[in-house]
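Trainee: First, the structure itself, so that you have it in front of you.
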Amino acid sequence: MNIGIDKIGFYSPQYYIEMSELAKARYTEPNKYIIGLGLERMAIPPITQDTTSMAANAAAIILDENDKKNIDLVIVATESGTDFSKSIATSVHTMLDINPYARSIEMKQACYSATAGIQLAKGHIALHPDSKALVIASDISRYGLNTGGEPTQGAGAVAILVSKDPKIMTLNNDEVYFTDDVLDFWRPSYSDVAFVDGKYSNEQYQRFFNETLKRYLEINDASLEDFAALNFHIPYSKMGKKALMSVTNEEQHPLLFKNFEDSTYYNKRVGNIYTGSLYLSLISLLEKGNLEAGSKLGLFSYGSGAVGEFFTGNLVEGYKDALVTSHEAMMNDRKQISIPEYERMFNMKLIEDGGHQILDTSKETSVFYLTEVKHNERIYNK
């Protein structure tokens with residue numbers, strides 16, 4: 001039985017800043033961000049958008065009523081959840097009016113957990129072939145103003161519908177995973193911003209890619225020539241390109257490098273979305289690339305701390321017809337804000353004293369958004 005990605009879509013908040021403007025405000029050469037990191041814009045979430053509302057907005061783009069009746073597993077992967085106990089997935093499940101006889105859970109392992117969610121969904125469909133599983137990656141990347149990690153922030157969500165006989169890509173049963181206990185990136189429970197050892201994290205990312213790819217090639221008696229493209233977890237696009245350059249060069253595999261550039265299209269304009277970064281890259285490749293049906297893709301997923309996985313999929317005949325057509329319009333409809341306005345948005349906080357806070361939603365354009373906080377409960381509107 002073929003199991004894989006039947007639908008895939010993403011949501012980006014309605015505001016962004018230009019990386020060149022951020023560089024100037026931080027007295028930095030703009031090309032350090034634009035060329036050095038491979039970033040052009042950064043999505044900025046207003047206080048009315050959190051990981052729950054973004055997850056629901058991403059899923060709303062791809063689901064129809066038939067999907068909602070047949071989904072019996074909802075997984076939300078995030079490392080910027082809103083509650084230590086209650087799952088985002090339970091809220092999203094209800095906001096989307098999904099079949100009530102469903103299992104809903106939240107998963108965490110830095111930027112890797114969406115991949116774990118997809119693998120869990122594959123196993124679920126294998127046992128229940130007539131059902132569907134919804135996997136959502138939703139995150140707000142925060143390192144703080146005037147920090148080394150500031151230019152690699154971002155926000156957004158990716159929603160993936162997993163089913164048998166998928167319309168976009170079948171997922172093969174050849175995955176390789178690797179775990180090691182490393183402290184390259186972390187966010188303690190008392191902090192609303194992450195901490196990162198940038199150089200060390202880059203080294204670990206590349207090590208995990210090399211380890212999983214090498215083992216995959218050995219176990220499957222495969223070579224790089226078997227792949228039309230390699231997709232990477234890319235919090236910023238230069239990170240993935242360096243990993244690709246560690247195993248080949250443009251002269252040997254020009255198609256891999258061409259397709260890598262296509263796979264960075266949306267990431268360069270949204271920024272780092274943690275758990276969804278690999279799958280935003282996949283959307284970019286599918287929409288902006290020219291891959292033929294049957295093409296084999298390699299995907300590398302990484303989550304600091306750390307877990308890495310290399311797995312593969314094959315594109316289905318007619319996959320282009322199953323892609324969302326509204327992403328470009330959504331991106332074009334976003335509004336550029338100034339650096340002072342971005343800093344103001346960044347510093348806005350929800351109350352934490354159990355009181356009542358009503359948010360200004362007059363400028364909201366999304367389907368789902370946060371309207372108020374009352375007695376420690378977040379209240380959303382559609």
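Starting from 1 in every chain, residues are counted up; chains themselves are A, B, ... following the order of the structure tokens, and ligands are numbered from 1 as listed.
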Quick one: which segment 234-277 of chain A residues come within 12 Å of segment 297-316 of chain A, and what is the nearest atom pair for each with the distance in Å to one decimal, counting only C-alpha atoms, rows ordered by chain and ascending number, as a Markdown table?
Mentor:
| residue | atom | partner | partner_atom | distance |
| --- | --- | --- | --- | --- |
| A:Ile234 | CA | A:Ser301 | CA | 9.1 |
| A:Pro235 | CA | A:Tyr302 | CA | 10.3 |
| A:Met239 | CA | A:Tyr302 | CA | 11.6 |
| A:Gly240 | CA | A:Phe300 | CA | 9.4 |
| A:Ala243 | CA | A:Phe300 | CA | 10.0 |
| A:Leu244 | CA | A:Phe300 | CA | 10.5 |
| A:Leu256 | CA | A:Leu297 | CA | 10.1 |
| A:Asn259 | CA | A:Leu297 | CA | 10.4 |
| A:Phe260 | CA | A:Leu297 | CA | 11.1 |
| A:Ser263 | CA | A:Leu299 | CA | 11.3 |
| A:Tyr274 | CA | A:Gly303 | CA | 8.5 |
| A:Thr275 | CA | A:Gly303 | CA | 8.0 |
| A:Gly276 | CA | A:Ser301 | CA | 10.0 |
| A:Ser277 | CA | A:Ser301 | CA | 9.1 |
Trainee: Identify all residues of segment 102-294 of chain A in strand (DSSP E or B) (DSSP on the backbone) and supply them as a PyMOL selection string.
Mentor: chain A and resi 103-107+109+111+132-141+154-164+169-171+176-179+185-186+195-196+229-232+271
Trainee: Could you tell me how far atom CA of Gly38 of chain A sits from atom CA of Lys238 of chain A, in Å to one decimal place?
Mentor: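 Answer for the atom CA of Lys238 of chain A to atom CA of Gly38 of chain A separation: 5.3 Å.
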Trainee: Can you pull out every residue within 8 Å of Ile61 of chain A, counting only C-alpha atoms, but drop anything in the same chain fewer than 4 positions away, and send it as a list in words?
Mentor: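 So, after excluding close chain neighbours, the residues are Gly9, Phe10, Asn57 and Val324 of chain A.
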Trainee: Print the selection's residues with C-alpha atoms to a file, as a PDB file, in the first residue's frame.
Mentor:
ATOM      1  CA  GLY A   9       0.007  23.901   2.565  1.00  0.00           C
ATOM      2  CA  PHE A  10       1.456  26.663   4.707  1.00  0.00           C
ATOM      3  CA  ASN A  57      -4.850  28.650   9.530  1.00  0.00           C
ATOM      4  CA  VAL A 324      -2.218  24.714  -3.245  1.00  0.00           C
TER       5      VAL A 324
END
Trainee: In Å, rounded to a single decimal, give me how far atom CA of Thr28 of chain A is from atom CA of Ser80 of chain A.
Mentor: 28.4 Å
Trainee: When you count only C-alpha atoms, which of these residues is closest to Ser326 of chain A: A:Ile219, A:Ala43, A:Met19, A:Ala58?
Mentor: A:Ala58
Trainee: Looking only at helix (DSSP H, G or I) from DSSP on the backbone, list the matching residues of segment 113-254 of chain A as a ChimeraX atom specification.
Mentor: /A:113-127,150-152,198-219,224-226,237-245,254
